[in-house]
Structures are given as structure tokens and as C-alpha cells.
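Have a look at target21.cif below; it lists mmCIF, C-alpha atoms and all ligand atoms.
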```cif
data_run
loop_
_atom_site.group_PDB
_atom_site.id
_atom_site.type_symbol
_atom_site.label_atom_id
_atom_site.label_comp_id
_atom_site.auth_asym_id
_atom_site.auth_seq_id
_atom_site.Cartn_x
_atom_site.Cartn_y
_atom_site.Cartn_z
ATOM 1 C CA MET A 1 -64.189 -13.728 -103.063
ATOM 2 C CA ALA A 2 -64.772 -12.271 -99.624
ATOM 3 C CA ARG A 3 -62.188 -13.078 -96.980
ATOM 4 C CA LEU A 4 -63.428 -15.774 -94.599
ATOM 5 C CA ILE A 5 -62.752 -14.924 -90.958
ATOM 6 C CA ASP A 6 -61.487 -18.142 -89.393
ATOM 7 C CA GLY A 7 -63.231 -18.144 -86.021
ATOM 8 C CA LYS A 8 -61.977 -21.618 -85.223
ATOM 9 C CA ALA A 9 -58.320 -20.586 -85.473
ATOM 10 C CA ILE A 10 -58.854 -17.247 -83.727
ATOM 11 C CA ALA A 11 -60.702 -18.996 -80.874
ATOM 12 C CA ALA A 12 -57.891 -21.560 -80.586
ATOM 13 C CA ASP A 13 -55.376 -18.690 -80.163
ATOM 14 C CA LEU A 14 -57.547 -17.110 -77.491
ATOM 15 C CA LEU A 15 -57.854 -20.410 -75.618
ATOM 16 C CA ASP A 16 -54.056 -20.789 -75.751
ATOM 17 C CA ARG A 17 -53.701 -17.358 -74.174
ATOM 18 C CA VAL A 18 -56.261 -18.225 -71.498
ATOM 19 C CA ALA A 19 -54.310 -21.422 -70.773
ATOM 20 C CA VAL A 20 -51.164 -19.328 -70.152
ATOM 21 C CA ASP A 21 -53.153 -17.111 -67.759
ATOM 22 C CA VAL A 22 -54.575 -20.164 -65.969
ATOM 23 C CA ALA A 23 -51.070 -21.543 -65.413
ATOM 24 C CA ALA A 24 -49.794 -18.177 -64.110
ATOM 25 C CA PHE A 25 -52.809 -17.828 -61.800
ATOM 26 C CA ARG A 26 -52.211 -21.319 -60.464
ATOM 27 C CA THR A 27 -48.590 -20.482 -59.722
ATOM 28 C CA ARG A 28 -49.569 -17.225 -58.042
ATOM 29 C CA HIS A 29 -52.386 -18.515 -55.874
ATOM 30 C CA GLY A 30 -52.160 -22.302 -55.808
ATOM 31 C CA ILE A 31 -55.763 -22.306 -57.073
ATOM 32 C CA VAL A 32 -57.198 -23.558 -60.377
ATOM 33 C CA PRO A 33 -59.891 -21.318 -61.919
ATOM 34 C CA THR A 34 -63.144 -23.269 -61.823
ATOM 35 C CA LEU A 35 -66.284 -23.091 -63.954
ATOM 36 C CA ALA A 36 -69.604 -24.628 -62.874
ATOM 37 C CA VAL A 37 -71.993 -25.528 -65.690
ATOM 38 C CA VAL A 38 -75.654 -26.128 -64.884
ATOM 39 C CA LEU A 39 -77.576 -28.091 -67.517
ATOM 40 C CA VAL A 40 -81.268 -28.706 -66.910
ATOM 41 C CA GLY A 41 -83.222 -31.235 -68.977
ATOM 42 C CA ASP A 42 -82.484 -33.050 -72.225
ATOM 43 C CA ASP A 43 -82.349 -30.448 -75.003
ATOM 44 C CA PRO A 44 -79.999 -32.171 -77.495
ATOM 45 C CA ALA A 45 -78.434 -28.933 -78.806
ATOM 46 C CA SER A 46 -77.733 -27.772 -75.233
ATOM 47 C CA HIS A 47 -75.990 -31.069 -74.495
ATOM 48 C CA VAL A 48 -73.748 -30.554 -77.542
ATOM 49 C CA TYR A 49 -72.919 -26.953 -76.542
ATOM 50 C CA VAL A 50 -72.200 -27.909 -72.938
ATOM 51 C CA ALA A 51 -69.917 -30.753 -74.047
ATOM 52 C CA ARG A 52 -67.940 -28.219 -76.135
ATOM 53 C CA LYS A 53 -67.716 -25.808 -73.216
ATOM 54 C CA LEU A 54 -66.464 -28.535 -70.879
ATOM 55 C CA ALA A 55 -63.883 -29.730 -73.422
ATOM 56 C CA ALA A 56 -62.571 -26.177 -73.800
ATOM 57 C CA THR A 57 -62.428 -25.809 -70.014
ATOM 58 C CA ARG A 58 -60.174 -28.873 -69.788
ATOM 59 C CA ARG A 59 -58.053 -27.586 -72.663
ATOM 60 C CA THR A 60 -57.228 -24.389 -70.760
ATOM 61 C CA GLY A 61 -56.291 -26.326 -67.616
ATOM 62 C CA MET A 62 -59.294 -25.040 -65.674
ATOM 63 C CA THR A 63 -61.466 -27.257 -63.513
ATOM 64 C CA SER A 64 -65.124 -27.756 -64.355
ATOM 65 C CA ILE A 65 -68.032 -28.781 -62.193
ATOM 66 C CA GLU A 66 -71.100 -30.181 -63.932
ATOM 67 C CA ARG A 67 -74.586 -30.069 -62.500
ATOM 68 C CA ARG A 68 -76.902 -32.098 -64.731
ATOM 69 C CA LEU A 69 -80.431 -31.724 -63.418
ATOM 70 C CA PRO A 70 -83.720 -33.313 -64.489
ATOM 71 C CA ALA A 71 -86.165 -31.376 -66.699
ATOM 72 C CA ASP A 72 -88.839 -31.621 -63.998
ATOM 73 C CA ILE A 73 -86.720 -29.992 -61.268
ATOM 74 C CA ASP A 74 -88.725 -27.285 -59.531
ATOM 75 C CA GLN A 75 -87.707 -23.649 -59.391
ATOM 76 C CA ALA A 76 -86.828 -23.703 -55.672
ATOM 77 C CA ALA A 77 -84.544 -26.717 -56.036
ATOM 78 C CA LEU A 78 -82.721 -25.126 -58.977
ATOM 79 C CA LEU A 79 -82.327 -21.855 -57.062
ATOM 80 C CA ALA A 80 -80.884 -23.840 -54.140
ATOM 81 C CA GLN A 81 -78.281 -25.373 -56.478
ATOM 82 C CA ILE A 82 -77.292 -21.897 -57.658
ATOM 83 C CA ASP A 83 -77.117 -20.615 -54.073
ATOM 84 C CA ALA A 84 -74.724 -23.446 -53.224
ATOM 85 C CA LEU A 85 -72.461 -22.593 -56.180
ATOM 86 C CA ASN A 86 -72.595 -18.888 -55.271
ATOM 87 C CA ALA A 87 -71.477 -19.741 -51.728
ATOM 88 C CA ASP A 88 -68.653 -22.059 -52.844
ATOM 89 C CA ALA A 89 -65.416 -20.028 -52.852
ATOM 90 C CA ALA A 90 -63.772 -22.661 -55.080
ATOM 91 C CA VAL A 91 -66.201 -21.802 -57.915
ATOM 92 C CA HIS A 92 -65.265 -18.703 -59.954
ATOM 93 C CA GLY A 93 -67.755 -18.875 -62.813
ATOM 94 C CA ILE A 94 -71.325 -20.158 -63.064
ATOM 95 C CA LEU A 95 -73.176 -20.784 -66.307
ATOM 96 C CA VAL A 96 -76.792 -21.906 -66.569
ATOM 97 C CA GLN A 97 -77.286 -23.267 -70.071
ATOM 98 C CA LEU A 98 -80.307 -21.824 -71.881
ATOM 99 C CA PRO A 99 -83.009 -22.517 -72.893
ATOM 100 C CA LEU A 100 -84.439 -23.841 -69.633
ATOM 101 C CA PRO A 101 -87.311 -26.348 -69.730
ATOM 102 C CA ALA A 102 -90.862 -24.963 -69.654
ATOM 103 C CA GLY A 103 -92.110 -24.314 -66.130
ATOM 104 C CA LEU A 104 -88.897 -22.651 -64.942
ATOM 105 C CA ASP A 105 -88.583 -18.869 -64.854
ATOM 106 C CA PRO A 106 -85.297 -18.033 -66.612
ATOM 107 C CA ALA A 107 -85.239 -14.394 -65.461
ATOM 108 C CA ALA A 108 -85.476 -15.375 -61.783
ATOM 109 C CA ILE A 109 -82.778 -18.017 -62.226
ATOM 110 C CA LEU A 110 -80.336 -15.711 -64.029
ATOM 111 C CA ASP A 111 -80.995 -13.085 -61.343
ATOM 112 C CA ARG A 112 -79.838 -15.538 -58.701
ATOM 113 C CA VAL A 113 -76.326 -16.095 -60.102
ATOM 114 C CA ALA A 114 -73.854 -13.906 -58.178
ATOM 115 C CA PRO A 115 -72.948 -11.039 -60.579
ATOM 116 C CA ASP A 116 -69.203 -11.555 -60.047
ATOM 117 C CA LYS A 117 -69.534 -15.251 -61.039
ATOM 118 C CA ASP A 118 -71.915 -14.537 -63.924
ATOM 119 C CA VAL A 119 -69.592 -15.529 -66.775
ATOM 120 C CA ASP A 120 -72.483 -15.295 -69.267
ATOM 121 C CA GLY A 121 -72.957 -11.613 -68.386
ATOM 122 C CA PHE A 122 -76.730 -12.107 -68.197
ATOM 123 C CA HIS A 123 -77.372 -10.812 -64.668
ATOM 124 C CA PRO A 124 -79.145 -7.415 -64.605
ATOM 125 C CA VAL A 125 -76.186 -5.914 -62.709
ATOM 126 C CA ASN A 126 -73.814 -6.881 -65.525
ATOM 127 C CA VAL A 127 -76.332 -5.755 -68.162
ATOM 128 C CA GLY A 128 -76.459 -2.407 -66.368
ATOM 129 C CA ARG A 129 -72.675 -2.165 -66.125
ATOM 130 C CA LEU A 130 -72.390 -2.838 -69.864
ATOM 131 C CA SER A 131 -74.974 -0.190 -70.678
ATOM 132 C CA ILE A 132 -72.987 2.487 -68.813
ATOM 133 C CA GLY A 133 -69.638 1.329 -70.209
ATOM 134 C CA GLY A 134 -68.523 -0.214 -66.913
ATOM 135 C CA SER A 135 -66.259 -3.144 -66.204
ATOM 136 C CA GLY A 136 -68.684 -5.997 -65.521
ATOM 137 C CA LEU A 137 -68.730 -9.426 -67.120
ATOM 138 C CA VAL A 138 -69.886 -9.119 -70.747
ATOM 139 C CA PRO A 139 -71.813 -11.795 -72.707
ATOM 140 C CA CYS A 140 -69.566 -14.195 -74.618
ATOM 141 C CA THR A 141 -71.047 -14.158 -78.129
ATOM 142 C CA PRO A 142 -70.927 -10.332 -78.430
ATOM 143 C CA LEU A 143 -67.307 -10.336 -77.193
ATOM 144 C CA GLY A 144 -66.537 -12.949 -79.843
ATOM 145 C CA CYS A 145 -68.191 -10.863 -82.580
ATOM 146 C CA ILE A 146 -66.135 -7.777 -81.667
ATOM 147 C CA HIS A 147 -62.916 -9.805 -81.515
ATOM 148 C CA LEU A 148 -63.583 -11.191 -85.018
ATOM 149 C CA LEU A 149 -64.307 -7.688 -86.326
ATOM 150 C CA GLU A 150 -61.043 -6.459 -84.813
ATOM 151 C CA THR A 151 -59.134 -8.942 -86.981
ATOM 152 C CA VAL A 152 -60.282 -7.081 -90.111
ATOM 153 C CA ILE A 153 -61.064 -3.503 -88.953
ATOM 154 C CA ASP A 154 -58.532 -1.172 -87.300
ATOM 155 C CA ASP A 155 -60.605 1.910 -86.653
ATOM 156 C CA PHE A 156 -64.279 1.521 -85.806
ATOM 157 C CA ARG A 157 -64.991 5.184 -85.177
ATOM 158 C CA GLY A 158 -67.826 6.489 -87.295
ATOM 159 C CA LEU A 159 -68.512 3.208 -89.078
ATOM 160 C CA LYS A 160 -72.151 2.370 -89.674
ATOM 161 C CA ALA A 161 -73.106 -0.909 -87.958
ATOM 162 C CA VAL A 162 -76.451 -2.613 -88.466
ATOM 163 C CA VAL A 163 -77.398 -5.323 -85.983
ATOM 164 C CA ILE A 164 -80.240 -7.657 -86.986
ATOM 165 C CA GLY A 165 -81.726 -9.206 -83.856
ATOM 166 C CA LYS A 166 -82.631 -7.715 -80.508
ATOM 167 C CA SER A 167 -81.993 -10.611 -78.121
ATOM 168 C CA ASN A 168 -80.556 -10.137 -74.650
ATOM 169 C CA ILE A 169 -77.839 -12.681 -75.468
ATOM 170 C CA VAL A 170 -76.549 -11.129 -78.701
ATOM 171 C CA GLY A 171 -78.384 -8.237 -80.377
ATOM 172 C CA LYS A 172 -78.658 -5.812 -77.475
ATOM 173 C CA PRO A 173 -75.214 -6.365 -75.910
ATOM 174 C CA VAL A 174 -73.327 -6.378 -79.227
ATOM 175 C CA SER A 175 -75.053 -3.094 -80.116
ATOM 176 C CA LEU A 176 -73.755 -1.564 -76.882
ATOM 177 C CA LEU A 177 -70.212 -2.807 -77.531
ATOM 178 C CA LEU A 178 -70.280 -1.328 -81.048
ATOM 179 C CA LEU A 179 -71.584 1.942 -79.655
ATOM 180 C CA GLU A 180 -68.742 1.932 -77.113
ATOM 181 C CA LYS A 181 -66.359 1.667 -80.095
ATOM 182 C CA GLU A 182 -68.047 4.761 -81.546
ATOM 183 C CA CYS A 183 -69.834 3.069 -84.403
ATOM 184 C CA THR A 184 -73.139 4.521 -85.501
ATOM 185 C CA VAL A 185 -75.407 1.641 -84.572
ATOM 186 C CA THR A 186 -78.835 0.721 -85.910
ATOM 187 C CA VAL A 187 -80.579 -2.120 -84.103
ATOM 188 C CA THR A 188 -83.108 -3.903 -86.273
ATOM 189 C CA HIS A 189 -85.119 -7.106 -86.039
ATOM 190 C CA ILE A 190 -87.318 -9.372 -88.044
ATOM 191 C CA ASN A 191 -90.225 -6.906 -88.033
ATOM 192 C CA THR A 192 -88.147 -3.902 -89.074
ATOM 193 C CA ARG A 193 -89.646 -2.259 -92.166
ATOM 194 C CA ASN A 194 -87.424 -1.969 -95.231
ATOM 195 C CA LEU A 195 -84.792 -4.141 -93.580
ATOM 196 C CA PRO A 196 -82.768 -4.753 -96.792
ATOM 197 C CA ALA A 197 -82.544 -0.999 -97.443
ATOM 198 C CA ILE A 198 -81.209 -0.404 -93.918
ATOM 199 C CA VAL A 199 -78.711 -3.271 -94.063
ATOM 200 C CA CYS A 200 -77.479 -1.891 -97.413
ATOM 201 C CA THR A 201 -76.165 1.205 -95.618
ATOM 202 C CA ALA A 202 -73.912 -0.768 -93.249
ATOM 203 C CA ASP A 203 -70.123 -1.057 -93.078
ATOM 204 C CA ILE A 204 -70.640 -3.780 -90.460
ATOM 205 C CA VAL A 205 -73.566 -6.224 -90.484
ATOM 206 C CA ILE A 206 -74.156 -8.441 -87.466
ATOM 207 C CA VAL A 207 -76.984 -10.880 -88.045
ATOM 208 C CA ALA A 208 -78.390 -12.817 -85.104
ATOM 209 C CA ALA A 209 -81.969 -13.414 -86.184
ATOM 210 C CA GLY A 210 -82.149 -17.212 -86.261
ATOM 211 C CA ARG A 211 -83.514 -17.141 -89.845
ATOM 212 C CA PRO A 212 -81.557 -19.222 -92.339
ATOM 213 C CA GLY A 213 -80.890 -17.365 -95.591
ATOM 214 C CA LEU A 214 -82.219 -14.018 -94.313
ATOM 215 C CA VAL A 215 -79.342 -11.813 -95.480
ATOM 216 C CA ARG A 216 -78.988 -12.062 -99.260
ATOM 217 C CA GLY A 217 -76.162 -10.758 -101.412
ATOM 218 C CA GLY A 218 -78.200 -7.753 -102.552
ATOM 219 C CA TRP A 219 -78.593 -6.585 -98.939
ATOM 220 C CA VAL A 220 -74.879 -6.102 -98.382
ATOM 221 C CA ARG A 221 -72.897 -3.237 -99.782
ATOM 222 C CA PRO A 222 -69.501 -3.876 -101.411
ATOM 223 C CA GLY A 223 -66.702 -3.835 -98.856
ATOM 224 C CA ALA A 224 -68.913 -4.476 -95.809
ATOM 225 C CA VAL A 225 -67.970 -6.980 -93.098
ATOM 226 C CA VAL A 226 -70.631 -9.559 -92.209
ATOM 227 C CA ILE A 227 -70.670 -11.398 -88.886
ATOM 228 C CA ASP A 228 -73.143 -14.278 -89.023
ATOM 229 C CA VAL A 229 -74.274 -15.387 -85.561
ATOM 230 C CA GLY A 230 -77.018 -17.715 -86.850
ATOM 231 C CA ILE A 231 -76.854 -21.439 -86.083
ATOM 232 C CA ASN A 232 -79.751 -23.088 -87.939
ATOM 233 C CA ARG A 233 -80.244 -26.786 -88.570
ATOM 234 C CA VAL A 234 -81.799 -27.273 -92.027
ATOM 235 C CA PRO A 235 -82.440 -30.360 -94.182
ATOM 236 C CA GLY A 236 -79.474 -31.138 -96.472
ATOM 237 C CA ILE A 237 -79.675 -32.433 -100.043
ATOM 238 C CA ASP A 238 -78.492 -35.882 -98.943
ATOM 239 C CA GLY A 239 -81.334 -36.243 -96.427
ATOM 240 C CA ARG A 240 -79.061 -35.401 -93.481
ATOM 241 C CA SER A 241 -79.432 -32.078 -91.720
ATOM 242 C CA ARG A 242 -76.724 -29.443 -91.859
ATOM 243 C CA ILE A 243 -75.941 -26.243 -89.978
ATOM 244 C CA VAL A 244 -76.235 -22.898 -91.774
ATOM 245 C CA GLY A 245 -76.131 -19.283 -90.650
ATOM 246 C CA ASP A 246 -78.524 -16.385 -91.250
ATOM 247 C CA ALA A 247 -76.637 -15.068 -94.287
ATOM 248 C CA VAL A 248 -76.317 -16.625 -97.755
ATOM 249 C CA THR A 249 -72.523 -16.725 -97.680
ATOM 250 C CA HIS A 250 -72.031 -17.724 -101.318
ATOM 251 C CA GLU A 251 -73.806 -14.514 -102.383
ATOM 252 C CA LEU A 252 -71.379 -12.344 -100.410
ATOM 253 C CA ASP A 253 -68.335 -12.350 -102.680
ATOM 254 C CA HIS A 254 -68.453 -8.548 -102.812
ATOM 255 C CA ALA A 255 -68.193 -8.223 -99.013
ATOM 256 C CA ALA A 256 -64.767 -7.462 -97.544
ATOM 257 C CA ALA A 257 -64.997 -10.322 -95.054
ATOM 258 C CA VAL A 258 -67.583 -12.771 -93.716
ATOM 259 C CA THR A 259 -67.697 -15.358 -90.950
ATOM 260 C CA PRO A 260 -68.468 -18.954 -91.947
ATOM 261 C CA VAL A 261 -71.079 -21.104 -90.202
ATOM 262 C CA PRO A 262 -69.944 -23.358 -88.661
ATOM 263 C CA GLY A 263 -66.445 -22.202 -87.683
ATOM 264 C CA GLY A 264 -67.074 -18.481 -87.225
ATOM 265 C CA VAL A 265 -68.761 -17.020 -84.158
ATOM 266 C CA GLY A 266 -69.568 -20.361 -82.448
ATOM 267 C CA PRO A 267 -66.026 -21.235 -81.333
ATOM 268 C CA MET A 268 -65.506 -17.640 -80.148
ATOM 269 C CA THR A 269 -68.478 -17.909 -77.780
ATOM 270 C CA VAL A 270 -66.886 -20.924 -76.129
ATOM 271 C CA ALA A 271 -63.449 -19.272 -75.945
ATOM 272 C CA TYR A 272 -64.866 -16.126 -74.318
ATOM 273 C CA LEU A 273 -66.661 -18.220 -71.723
ATOM 274 C CA LEU A 274 -63.249 -19.367 -70.546
ATOM 275 C CA ALA A 275 -61.770 -15.871 -70.880
ATOM 276 C CA ASN A 276 -64.627 -14.589 -68.701
ATOM 277 C CA THR A 277 -64.068 -17.359 -66.140
ATOM 278 C CA MET A 278 -60.406 -16.374 -65.984
ATOM 279 C CA ARG A 279 -61.490 -12.772 -65.454
ATOM 280 C CA ALA A 280 -63.906 -13.764 -62.706
ATOM 281 C CA ALA A 281 -61.139 -15.729 -60.942
ATOM 282 C CA ARG A 282 -58.850 -12.683 -61.150
ATOM 283 C CA MET A 283 -61.592 -10.391 -59.837
ATOM 284 C CA ALA A 284 -61.995 -12.735 -56.863
ATOM 285 C CA HIS A 285 -58.301 -13.232 -56.048
ATOM 286 C CA ASP A 286 -56.303 -10.374 -57.578
ATOM 287 C CA GLY A 287 -58.932 -7.686 -57.068
ATOM 288 C CA ASN A 288 -59.121 -6.884 -60.758
ATOM 289 C CA GLY A 289 -60.169 -8.618 -63.935
ATOM 290 C CA THR A 290 -57.664 -7.207 -66.359
HETATM 291 N N1 LIG B 1 -77.819 -20.760 -75.036
HETATM 292 C C1 LIG B 1 -77.509 -20.224 -76.238
HETATM 293 N N2 LIG B 1 -76.468 -19.360 -76.116
HETATM 294 C C2 LIG B 1 -76.122 -19.356 -74.818
HETATM 295 C C3 LIG B 1 -75.120 -18.688 -74.081
HETATM 296 O O1 LIG B 1 -74.330 -17.879 -74.591
HETATM 297 N N3 LIG B 1 -75.075 -18.967 -72.752
HETATM 298 C C4 LIG B 1 -75.944 -19.838 -72.168
HETATM 299 N N4 LIG B 1 -75.821 -20.031 -70.847
HETATM 300 N N5 LIG B 1 -76.876 -20.472 -72.813
HETATM 301 C C5 LIG B 1 -76.961 -20.239 -74.140
#
```
Would you kindly transcribe this structure into C-alpha cells?
Amino acid sequence: MARLIDGKAIAADLLDRVAVDVAAFRTRHGIVPTLAVVLVGDDPASHVYVARKLAATRRTGMTSIERRLPADIDQAALLAQIDALNADAAVHGILVQLPLPAGLDPAAILDRVAPDKDVDGFHPVNVGRLSIGGSGLVPCTPLGCIHLLETVIDDFRGLKAVVIGKSNIVGKPVSLLLLEKECTVTVTHINTRNLPAIVCTADIVIVAAGRPGLVRGGWVRPGAVVIDVGINRVPGIDGRSRIVGDAVTHELDHAAAVTPVPGGVGPMTVAYLLANTMRAARMAHDGNGT
């Protein structure tokens, strides 16, 4: 049986550490680190994710500001909201929940968030800093994936990592982080030819393709570590829907370790949002984010 990497417990530890940092920061500066969350429209999954993020914010002792905006808000009005948060010195982190409703231009909106408050790490300046190994804010899900890997792997140098998925949120940034750790990284996607044969060569498999059941047991070599980023709602046998990942976990007994869905990467994404907000507050007030 492959070891299950308990993302829920590991994320809880990280949040506890962030809470200690929040308390120390408050003592030092008399200021509470503050995260602003912008949620546009009524996407039910986004509402669930934002509720989790706000609950975790409270748990760390940070302050949160919520901006719930109607789905029909126009681009200029949304940009004005972001400008106001950028200009507010009491706000350290800004997150615009994705996806945005049709009619809004996500690239222009993410561009508008001040890079030093961009706790999602989606602004082109932070993407650029990541690509040259700099010290910008890094996207939360990739940071969570690396943290989970570090609980089971000591030395990454020379390991073969295969990433399935080329999104800006996960696939591309996690590939850069693995490269920074001196893995040999292959970035693949749903149209990659001979995908199973490529995945079979990996010591580390990160799957973020949004395809339930994509990675089968026969794709994974014995002793590999599988990080499943997928969150897919599928019909359950009892008529109710359930959440599954992109890998068929029960076929992965021969892997060294796998992340469950739910309870693997998801809680880490939330925890790193708060870790990034803490970093942004330090960058603003201590002059460094370490
Ligand atoms: N939607 C899905 N994942 C994310 C994320 O990491 N950040 C934001 N802002 N929206 C998302």
C-alpha cells in the first residue's frame, strides 16, 4: 500500500506556524496582516473555496476583507476596486478568485494587482521573478505540491519529474520550482503523444489536468511519488456527487507515496495563501519576506 501524504495535517501545521508569525508581527508592528479577497459572481465552487480561505485567515489571526461583487460588474469598476485595495496600506495581500465571469478580461485584472500584494503569484512580474529564480510571490498550489514532496523526498537533485498540465496556476510554475530543485522536468499535457510511456519514466508525477481517472496504475513506476492536484466532481454510486482527483489512487499501491483527494493538495493551497500573505506583510514592513 502506498503511503498517503496527509495534506490536511501538513497544512494544519503550516497554518499553526503562520499563526505564530502573525502574532510576532503584531507585537513588532502593532499591525495585523490583512488579506483582501475579491469574489465576482456566483460560481458555487468559488464560493466554497473563498469560504475556506476566509476561515483559514481567521484561524491564523489575520484580518480579512471581502469584496463580493456582482457577475455583471464591468471591467472598469472591477479595476477601480483593485486600485483602491492597492492604494490601501492596511491591505497586505490581494486575491481575485478565478474563474471570473464571462465578459471580464482576467489577464488585465491580474495585471492590475500590485505585484508586492499579489499573494496568488499570478502577476507577470512575479511570473518573471519565478522564471529567473528570484524572490517574488509564488503561486500557492505549486508551493503546496513542493512542500508535500519534501515530506517524502530528501534529495531532489537529478530526479525525473513529469508534470501533466500546463496551466499558469499549476503546471508551469510547479515545473519551474522542480527545475530550481534540480529535477529533470518534463512538462506534458492532455495532447502529449505517448503520455503513459513518458509518465512511466518519472520518479515524481504531478498531475494537474482536470481529468478524473487519467493516471492509471500502469502509468506509474514502482517507487514513484504521485501528487494529484485534480479536483473533479463526478457522480457517485449513491446518486450524490463526489470529489475525485486525476489519478486512480486505488491502482497506485506500488507507488512510494500518493496524495489523497480530497485532503491532499487542496488544504495546502489554502495554507500557502496565508503564508504568502504573511510574506507580503513582512516585505511591506520588515523589508524582507523571509
Ligand atoms: N481558482 C482556482 N485556483 C485558484 C487559485 O489558486 N487562486 C485563485 N485566485 N483562484 C483560483
Ala197 of chain A surroundings by only C-alpha atoms, 10 Å radius, close-in-sequence under 3 positions cut, as a count of residues only: 8
Environment of ligand LIG 1 (chain B) within 10 Å, counting all atoms listed in the file, reported as number ranges by chain: A: 37-39, 45-46, 49-50, 94-100, 110, 118-122, 139-142, 168-170, 231, 266, 269-270, 272-273
Expansion of the PyMOL selection byres (((chain A and resi 244) around 12) and not hetatm) into residues, as JSON, numbers by chain: {"A": [210, 211, 212, 213, 214, 228, 229, 230, 231, 232, 233, 234, 235, 236, 241, 242, 243, 245, 246, 247, 248, 249, 250, 259, 260, 261, 262, 263, 264, 266]}
Selection to disk with C-alpha atoms, as an mmCIF file, in the coordinates of the input:
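Ended up saving to part-v4.cif:
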```
data_model
loop_
_atom_site.group_PDB
_atom_site.id
_atom_site.type_symbol
_atom_site.label_atom_id
_atom_site.label_comp_id
_atom_site.auth_asym_id
_atom_site.auth_seq_id
_atom_site.Cartn_x
_atom_site.Cartn_y
_atom_site.Cartn_z
ATOM 1 C CA GLY A 210 -82.149 -17.212 -86.261
ATOM 2 C CA ARG A 211 -83.514 -17.141 -89.845
ATOM 3 C CA PRO A 212 -81.557 -19.222 -92.339
ATOM 4 C CA GLY A 213 -80.890 -17.365 -95.591
ATOM 5 C CA LEU A 214 -82.219 -14.018 -94.313
ATOM 6 C CA ASP A 228 -73.143 -14.278 -89.023
ATOM 7 C CA VAL A 229 -74.274 -15.387 -85.561
ATOM 8 C CA GLY A 230 -77.018 -17.715 -86.850
ATOM 9 C CA ILE A 231 -76.854 -21.439 -86.083
ATOM 10 C CA ASN A 232 -79.751 -23.088 -87.939
ATOM 11 C CA ARG A 233 -80.244 -26.786 -88.570
ATOM 12 C CA VAL A 234 -81.799 -27.273 -92.027
ATOM 13 C CA PRO A 235 -82.440 -30.360 -94.182
ATOM 14 C CA GLY A 236 -79.474 -31.138 -96.472
ATOM 15 C CA SER A 241 -79.432 -32.078 -91.720
ATOM 16 C CA ARG A 242 -76.724 -29.443 -91.859
ATOM 17 C CA ILE A 243 -75.941 -26.243 -89.978
ATOM 18 C CA GLY A 245 -76.131 -19.283 -90.650
ATOM 19 C CA ASP A 246 -78.524 -16.385 -91.250
ATOM 20 C CA ALA A 247 -76.637 -15.068 -94.287
ATOM 21 C CA VAL A 248 -76.317 -16.625 -97.755
ATOM 22 C CA THR A 249 -72.523 -16.725 -97.680
ATOM 23 C CA HIS A 250 -72.031 -17.724 -101.318
ATOM 24 C CA THR A 259 -67.697 -15.358 -90.950
ATOM 25 C CA PRO A 260 -68.468 -18.954 -91.947
ATOM 26 C CA VAL A 261 -71.079 -21.104 -90.202
ATOM 27 C CA PRO A 262 -69.944 -23.358 -88.661
ATOM 28 C CA GLY A 263 -66.445 -22.202 -87.683
ATOM 29 C CA GLY A 264 -67.074 -18.481 -87.225
ATOM 30 C CA GLY A 266 -69.568 -20.361 -82.448
#
```
Among the residues A:Ile146, A:Ala87, A:Leu274, A:Val225, the one that comes closest to Ala255 of chain A [using all atoms listed in the file]: A:Val225
Gap from atom CA of His123 of chain A to atom CA of Val48 of chain A - Å, one decimal: 23.8 Å
For Ala89 of chain A, the nearest of the candidates A:Ile31, A:Val40, A:Ala71, A:Leu178, counting only C-alpha atoms: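 Looking only at the distances to Ala89 of chain A, the closest residue turns out to be A:Ile31.
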Counting all atoms listed in the file, the residue of A:Ala80, A:Cys145, A:Leu35, A:Val127 that sits nearest Arg58 of chain A: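 Going through A:Ala80, A:Cys145, A:Leu35, A:Val127 one by one, the smallest distance to Arg58 of chain A is for A:Leu35.
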Residue with smallest distance to Pro267 of chain A - pool A:Ile153, A:Ala209, A:Ile5, A:Ala161, counting all atoms listed in the file: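 Residue with the minimum atom-to-atom distance to Pro267 of chain A: A:Ile5.
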Return the padded bounding box of segment 271-276 of chain A as JSON: axis-aligned, built from all atoms listed in the file, 4 Å added on each side, with centre and edge lengths in Å to one decimal.
```
{"center_x": -64.2, "center_y": -17.0, "center_z": -72.3, "size_x": 12.9, "size_y": 12.8, "size_z": 15.2}
```
Selection: 9 Å around Leu78 of chain A, only C-alpha atoms, excl. self and same-chain fewer than 3 positions, as a short mmCIF file (atom, residue, chain, number, x, y, z; two decimals) with C-alpha atoms, keeping the file's coordinate frame:
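Okay, this is what ended up in part_19.cif:
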```
data_model
loop_
_atom_site.label_atom_id
_atom_site.label_comp_id
_atom_site.auth_asym_id
_atom_site.auth_seq_id
_atom_site.Cartn_x
_atom_site.Cartn_y
_atom_site.Cartn_z
CA VAL A 40 -81.27 -28.71 -66.91
CA LEU A 69 -80.43 -31.72 -63.42
CA ILE A 73 -86.72 -29.99 -61.27
CA ASP A 74 -88.72 -27.28 -59.53
CA GLN A 75 -87.71 -23.65 -59.39
CA GLN A 81 -78.28 -25.37 -56.48
CA ILE A 82 -77.29 -21.90 -57.66
CA ASP A 83 -77.12 -20.62 -54.07
CA LEU A 104 -88.90 -22.65 -64.94
CA ILE A 109 -82.78 -18.02 -62.23
#
```
Evaluate the PyMOL selection byres (((chain A and resi 181-191) around 6) and not hetatm) and report residues as a PyMOL selection string: chain A and resi 156-165+178-180+192
Please produce a file of those selected residues containing C-alpha atoms, as a compact mmCIF listing (two decimals), in the frame of the given file.
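Listing of again-v7.txt after writing:
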```txt
# COMPACT_ATOMS: atom_id res chain seq x y z
CA PHE A 156 -64.28 1.52 -85.81
CA ARG A 157 -64.99 5.18 -85.18
CA GLY A 158 -67.83 6.49 -87.30
CA LEU A 159 -68.51 3.21 -89.08
CA LYS A 160 -72.15 2.37 -89.67
CA ALA A 161 -73.11 -0.91 -87.96
CA VAL A 162 -76.45 -2.61 -88.47
CA VAL A 163 -77.40 -5.32 -85.98
CA ILE A 164 -80.24 -7.66 -86.99
CA GLY A 165 -81.73 -9.21 -83.86
CA LEU A 178 -70.28 -1.33 -81.05
CA LEU A 179 -71.58 1.94 -79.66
CA GLU A 180 -68.74 1.93 -77.11
CA THR A 192 -88.15 -3.90 -89.07
```
Nearest to Val215 of chain A, chosen from A:Ala55, A:Leu176, A:Leu252, A:Ile237, with all atoms listed in the file counted in the distances: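 Comparing A:Ala55, A:Leu176, A:Leu252, A:Ile237 against Val215 of chain A, the winner is A:Leu252.
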Selection result for the PyMOL selection byres (((chain A and resi 117) around 7) and not hetatm) on this file, as a list in words: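 Written out, the selection comes to His92, Gly93, Ile94, Val113, Ala114, Pro115, Asp116, Asp118, Val119 and Ala280 of chain A.
We find atom CA of Gly7 of chain A and atom CA of Val265 of chain A to be spaced 5.9 Å apart.
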